[in-house]
Amino acid sequence: MKRLPKIALGAWAWGNDGTFGGELSSETLRPIFDTAMKNGLNLWDTAYAYGMGTSEKVLAGFVRELPRDAYLISDKFTPQCADGSSPNAMSDMIGMQLELMGLDSFDIYWIHNVWDAPKWTQELAKYYEGKENVPLLGVSNHNLAEIKQADEILKSHGLKLSAVQNHYSLINRSSEKSGILDYCRENDITFFSYMVLEQGALSGKYDTSHPMPDGSARAQTYNPVLDKLEILNTELKRLADKYSVGAAQIPVAWAIAKGTLPIIGVTKTSHVEDAVKAADVVLSSEETAELEALADSLNINAIRFWEKEMK
């Protein structure tokens, strides 16, 4: 397995599925991809569910020109996108995704959520059992009990759970408080933190005078609590000034300091440049604790419609 960078780049918005608002094209995304690769950020996180193959196709158009060892692809089996009645649903989905992306193999492959997850984890284990080129196998949006169950299923087939991907940020630390991060550390499992910036809510870009664009799913969640987010963003800005970076780099640096591998959604070259800078910021334990205390005091519910609080 190739070495993982400190940060993964997320192509969720590349699916143009309405979650983020706006339309993105290959032409506008190409400079983003090129900037990332030039700076050593070569781990790309996608899923068929992101625009029903749209995100994968765009990414495929970029990577097909490169040597296979130059990049890492993280893709997902989304149960809701599979034909649950077919005995070959897992192999059909993986085969279709590999064909979409023009690949022979993935570097990381996930069970995307917990919908009938034990069944699909079993199918994933059967698919990869005995194969030589096995990616890192992971589960996303799972609580601690579900993670342990997935680990046992994979072990029964001679495989290992190597990755967990959950929503984790300063305003949603339920994966930490539930013991998931500790379990991952103790069992050599890489924890991937997604939505570290809460889809831009912790970037310093939005406030009560500058709300998120109407019509996007994120606006419905974050615009009603922008007054609270302003308080946290003010502290992020103070720390950012200290480290001579932008406010958006601090939540990412915090996630790295917590021992996680953040997945940062990128729709502008500046997002990539910010990620590069964030990887160089090292927050002190005191700064980390103070940020968490402030965020906790605001009591913001950032659990989204597709997920649950981890317990």
# chains A, B, ... in the order shown; residues from 1 in each chain; ligands from 1

call {"tool": "select_by_dssp", "arguments": {"residues": "segment 100-224 of chain A", "states": "alpha helix (DSSP H)", "output": "PyMOL selection string"}}
result
chain A and resi 100-101+117-128+144-155+174-177+180-186+217-222

call {"tool": "residues_around", "arguments": {"residues": "Asn141 of chain A", "least_positions_apart": "4", "cutoff": "10 Å", "atoms": "only C-alpha atoms", "output": "count of residues only"}}
result
17

call {"tool": "atom_distance", "arguments": {"atom1": "atom CA of Ser203 of chain A", "atom2": "atom CA of Gln249 of chain A"}}
result
7.8 Å

call {"tool": "select_by_dssp", "arguments": {"residues": "segment 48-140 of chain A", "states": "strand (DSSP E or B)", "output": "list in words"}}
result
Leu72, Ile73, Ser74, Asp75, Lys76, Phe77, Ile108, Tyr109, Trp110, Ile111, Leu136, Leu137, Gly138, Val139 and Ser140 of chain A

call {"tool": "residues_around", "arguments": {"residues": "Lys119 of chain A", "least_positions_apart": "3", "cutoff": "12 Å", "atoms": "only C-alpha atoms", "output": "ChimeraX atom specification"}}
result
/A:79,84,87,89-90,111,113-116,122-126,149-150,153-154

call {"tool": "atom_distance", "arguments": {"atom1": "atom CA of Ser26 of chain A", "atom2": "atom CA of Gly10 of chain A"}}
result
15.1 Å

call {"tool": "closest_residue", "arguments": {"among": "A:Val281, A:Glu129, A:Arg173, A:Leu232", "to": "Asn301 of chain A", "atoms": "only C-alpha atoms"}}
result
A:Arg173
